[in-house]
Amino acid sequence: MKKYGVNELRRMFLEFFESKGHLAMKSFSLVPHNDNSLLLINSGMAPLKPYFTGQEIPPRRRVCTCQKCIRTGDIENIGKTARHGTFFEMLGNFSFGDYFKEEAIRWSWEFLTEVVGLEADRLYPSVYVDDDEAFALWRDKIGVPKERIFRFGKEDNFWEHGSGPCGPCSEIYYDRGEKYGCGKPDCTVGCDCDRYIEVWNNVFTQFDNDGHGNYSELEQKNIDTGMGLERLAVVVQDVDSLFTVDTNKALLDRVCELAHTEYQKDHKTDISLRIVTDHIKSCTFMISDGIMPSNEGRGYVLRRLLRRAARHGRILGIEGKFLAGLSETVIALSKDGYPELEEKKDMIFKVLSEEEDKFNKTIDLGLSILAEMEEEMAANGVKELSGENTFKLYDTYGFPVDLTREILEEKGLTPDEKGFAACMEKQRATARKARKATNYMGADVTVYQSIDPALTTKFVGYDALTAESEITVLTTTDELVEALAEGDMGTIITQETPFYGTMGGQNGDIGVITTAAARFEVEETIKLQGGKTGHIGRVTAGMFTVGETVTLSVDETSRGLTCKNHSATHLLHKALRTVLGTHVEQAGSLVTSDRLRFDFTHFSAMTAEELKEVEEMVNREIAAALPVVTEVMSIDEARKTGAMALFGEKYGEEVRVVSMGDFSRELCGGTHVGNTGVITRFKILSEAGIAAGVRRIEALTDKGVFDYYAGLEEELQQLAQLTRSDVRQLPKRVEGLQEELRALKAENEKLKDKLAREAAGDILSQAKEINGVKLLAAGVEGVDMNGLRNLGDDLKAKLGDSVVVLASVVDGKVNLMASATDGAIAKGAHAGNLIKAVAACVGGGGGGRPNMAQAGGKNPAGVAEAIAKAYETGTAQLS
């Protein structure tokens with residue numbers, strides 16, 4: 001048997017099923033599309049759920065994929081053994097109501113034995129205990145002896161997920177030989193050892209579970225199969241684990257090289273080597289799909305993996321930053337199946353480096369704090385780190401709880417995870433309140449899910465703003481209806497539409513839908529599952545019925561302005577990559593008729609010079625009147641042209657490539673101007689950070705820019721009138737007013753000081769001498785805090801070594817000030833402690849330093865008591 005590599009096996013699988021009439025689909029993003037039930041794609045079937053549920057029509061009834069997947073349910077155990085990793089690739093062939101058990105079984109056997117070359121006598125099928133049909137197919141059609149076909153129960157060979165589609169499974173095991181076995185005489189298929197390894201799982205989705213254990217036959221039976229690519233490579237290459245298949249071993253060897261060590265020489269070292277190898281692969285793929293490190297959701301999964309890898313790199317003795325360099329090896333080994341890794345590499349390296357820098361800055365301090373906590377635990381004889389301290393390490397030093405757990409476990413200690421969860425509750429409360437009712441897909445439950453999935457809407461709005469079409473669906477906010485009458489709010493769905501539905505950051509069109517006797521104001525246009533477009537709005541005249549032919553008219557002004565803003569985002573994207581670097585990637589956008597918003601990956605605030613350069617570059621390309629050309633081509637052809645693909649976007653087999661001269665080329669399904677000159681002008685309003693490693697620019701074009709400057713001009717005219725000046729003379733006029741204001745402020749301070757001194761009268765005689773220090777406490781009328789401080793300084797200058805406490809009532813509120821000279825402090829005076837004691841008398845609080853303190857209060861009637869308290873407390877301090 002030839003020892004095929006991972007990249008060869010992936011190609012062989014897809015080509016084999018293409019020869020069986022399957023459409024080979026590209027791997028979907030790790031970020032689930034319209035599925036809130038998952039944080040990350042964790043199986044080959046997960047992104048295909050809409051096809052299985054019937055919510056969307058598949059591009060073909062037979063498809064096959066090699067899907068990148070991440071599972072992190074037991075992240076703390078990854079690395080401890082060589083059995084599991086967080087990242088894996090899942091090969092799968094799928095049938096949506098087309099072929100069923102016989103073909104699925106026959107093709108899986110054919111691929112394993114004839115294409116890959118596994119020995120037939122080392123393969124053992126298993127079936128569900130009651131699935132006689134599958135048993136007979138293996139025995140009679142494939143020719144496997146009945147004693148080599150195993151029947152297993154529901155736990156092993158029946159797939160179901162609550163209510164809904166489900167069915168029996170048939171797995172194929174491979175006997176790797178005695179060297180991988182446990183040596184027990186009864187070792188056979190189903191044993192926990194590594195001898196008999198499951199390589200393929202065929203799921204026959206033939207039943208519907210009503211949620212109460214009642215099963216009925218599905219009208220449309222489906223096939224869902226899965227085969228771990230790395231697991232197949234383990235068998236084919238005859239290696240001991242997924243870490244020693246060719247691609248993973250090459251990556252692991254690179255980690256060994258950096259750590260100046262070898263694999264399988266020391267158990268503890270091996271754990272760290274496996275963790276770094278697995279986690280850097282997951283991090284590289286996650287970032288390539290636009291996931292950024294954060295403290296929530298999938299961004300937190302990324303941060304946990306990244307920081308765990310960074311820590312174990314330190315344990316291995318790897319010097320300096322190393323994650324970006326390792327990621328380069330991941331990309332070189334995986335780009336054959338995932339070309340997007342090469343396209344996004346600059347951004348991937350930048351994110352890894354920035355996050356590693358952040359962690360390096362906090363880990364040493366965090367480890368020293370944890371060491372102190374451990375010492376305190378030892379002194380108190382406890383083995384559990386409190387939830388509060390676990391949370392402190394997370395919140396202040398960036399230690400994910402599993403990292404704290406791992407460090408503690410190495411010393412026989414544990415964190416109080418329940419206490420940690422309690423500390424997290426406040427932070428999670430907001431997110432929990434924001435969650436909505438969801439269905440099996442994790443999507444919001446809406447009336448639109450009742451619509452026939454076979455219905456679609458064809459978009460004809462690239463070349464026209466009006467069209468005639470038939471109404472296929474009408475809805476109110478909560479039900480499908482046959483008609484909408486005047487005053488009704490609802491949604492109209494048609495066979496064709498010139499209206500663009502909100503997608504890819506571009507806001508949907510507005511406009512009207514009419515007949516000779518009815519009018520519907522379209523306030524919003526949205527994309528619905530299964531390729532439908534919903535026109536949301538209100539009937540303002542007449543009535544609409546299903547089946548009626550209507551005229552759909554897009555608001556030309558709104559569409560035109562939106563196109564200008566959308567085209568400007570393409571120019572802005574290219575300008576940012578030119579000025580800041582190719583690590584810049586679009587991380588989100590919003591394009592409306594009024595403005596544009598563009599989110600991008602970058603790790604520091606842009607300077608004024610950079611903003612100016614970007615703005616000028618965009619305006620140069622607008623002035624150049626570049627032709628905007630849209631071409632439709634295959635995704636592979638588009639990549640070859642150098643067109644930028646945006647992460648998180650779901651592309652079909654054919655894509656639209658929008659080019660603006662030779663300056664910009666992007667994959668984009670939105671609407672654009674025909675020439676950049678139409679945009680007229682571009683103006684950046686603001687630039688700010690919105691998340692770790694993500695910045696946001698807000699900008700205007702064309703009418704928005706002119707309106708912006710018109711608004712500024714109006715404000716300037718108002719300022720000129722208010723200052724009795726001409727607009728051109730405003731700067732000089734403002735300078736003159738500022739000078740006048742400074743002079744008035746200085747004069748005002750002088751007058752306040754004079755009033756304070758006059759209000760004080762002859763209070764020096766009230767001073768008492770305690771232990772060679774003068775103690776003076778007195779009330780003065782109508783003096784603010786600043787005046788009290790100045791008066792205090794004057795009195796101290798006259799008294800010598802002294803403590804001065806002053807109280808004054810201004811606008812019904814009490815101001816208290818205490819100050820002490822150095823000589824008084826040397827003899828025990830402390831202004832901060834003195835003011836604390838005194839402030840309670842006037843219903844207030846405050847404090848300060850030994851030489852100066854102040855407080856406020858709400859009770860003017862307590863001033864006399866406060867002065868008496870000041871003498872009492874001051875005397876006690878100085879005695």
# chains A, B, ... in the order shown; residues from 1 in each chain; ligands from 1
>>> residues_around(residues="segment 474-484 of chain A", least_positions_apart="5", cutoff="7 Å", atoms="only C-alpha atoms", output="JSON, numbers by chain")
{"A": [447, 489, 490, 491, 492, 493, 543, 544, 545, 546]}
>>> select_by_dssp(residues="segment 239-449 of chain A", states="strand (DSSP E or B)", output="number ranges by chain")
A: 384-385, 414-415, 438, 444
>>> write_last_selection(atoms="all heavy atoms", output="short mmCIF file (atom, residue, chain, number, x, y, z; two decimals), in the first residue's frame")
data_model
loop_
_atom_site.label_atom_id
_atom_site.label_comp_id
_atom_site.auth_asym_id
_atom_site.auth_seq_id
_atom_site.Cartn_x
_atom_site.Cartn_y
_atom_site.Cartn_z
N GLU A 384 -7.37 24.87 46.72
CA GLU A 384 -8.21 25.45 45.67
C GLU A 384 -8.03 26.97 45.63
O GLU A 384 -8.18 27.65 46.64
CB GLU A 384 -9.68 25.10 45.92
CG GLU A 384 -10.61 25.56 44.82
CD GLU A 384 -12.06 25.13 45.08
OE1 GLU A 384 -12.68 25.69 46.01
OE2 GLU A 384 -12.56 24.25 44.36
N LEU A 385 -7.70 27.48 44.44
CA LEU A 385 -7.57 28.93 44.26
C LEU A 385 -8.97 29.53 44.20
O LEU A 385 -9.84 29.05 43.46
CB LEU A 385 -6.81 29.24 42.96
CG LEU A 385 -6.56 30.72 42.64
CD1 LEU A 385 -5.58 31.32 43.63
CD2 LEU A 385 -6.04 30.88 41.21
N THR A 414 -6.08 23.22 42.21
CA THR A 414 -7.19 23.47 41.28
C THR A 414 -7.77 24.86 41.50
O THR A 414 -7.66 25.41 42.60
CB THR A 414 -8.33 22.44 41.48
OG1 THR A 414 -8.81 22.55 42.82
CG2 THR A 414 -7.88 21.03 41.18
N PRO A 415 -8.42 25.44 40.47
CA PRO A 415 -9.12 26.71 40.68
C PRO A 415 -10.58 26.44 41.06
O PRO A 415 -11.14 25.40 40.72
CB PRO A 415 -9.05 27.35 39.28
CG PRO A 415 -9.03 26.19 38.33
CD PRO A 415 -8.37 25.04 39.04
N THR A 438 -34.42 30.70 19.41
CA THR A 438 -33.80 30.15 18.21
C THR A 438 -34.36 28.77 17.91
O THR A 438 -34.93 28.10 18.75
CB THR A 438 -32.27 30.03 18.37
OG1 THR A 438 -31.98 29.14 19.45
CG2 THR A 438 -31.64 31.38 18.64
N ASP A 444 -32.93 33.12 14.45
CA ASP A 444 -34.15 33.67 15.03
C ASP A 444 -35.37 33.03 14.35
O ASP A 444 -35.41 32.86 13.14
CB ASP A 444 -34.20 35.19 14.80
CG ASP A 444 -33.04 35.89 15.48
OD1 ASP A 444 -32.44 35.26 16.36
OD2 ASP A 444 -32.75 37.04 15.11
#
>>> select_by_dssp(residues="segment 158-400 of chain A", states="helix (DSSP H, G or I)", output="MDAnalysis selection string")
chainID A and resid 178:180 229:237 242:244 246:259 267:288 297:315 323:334 340:343 345:380 387:397
>>> residues_around(residues="Arg724 of chain A", least_positions_apart="5", cutoff="12 Å", atoms="only C-alpha atoms", output="list of chain:residue names")
A:Leu716, A:Gln717, A:Gln718, A:Leu719, A:Gln729, A:Leu730, A:Arg733, A:Val734, A:Leu737
>>> closest_residue(among="A:Gly823, A:Gly670, A:Gly226, A:Pro400", to="Asn851 of chain A", atoms="only C-alpha atoms")
A:Gly823
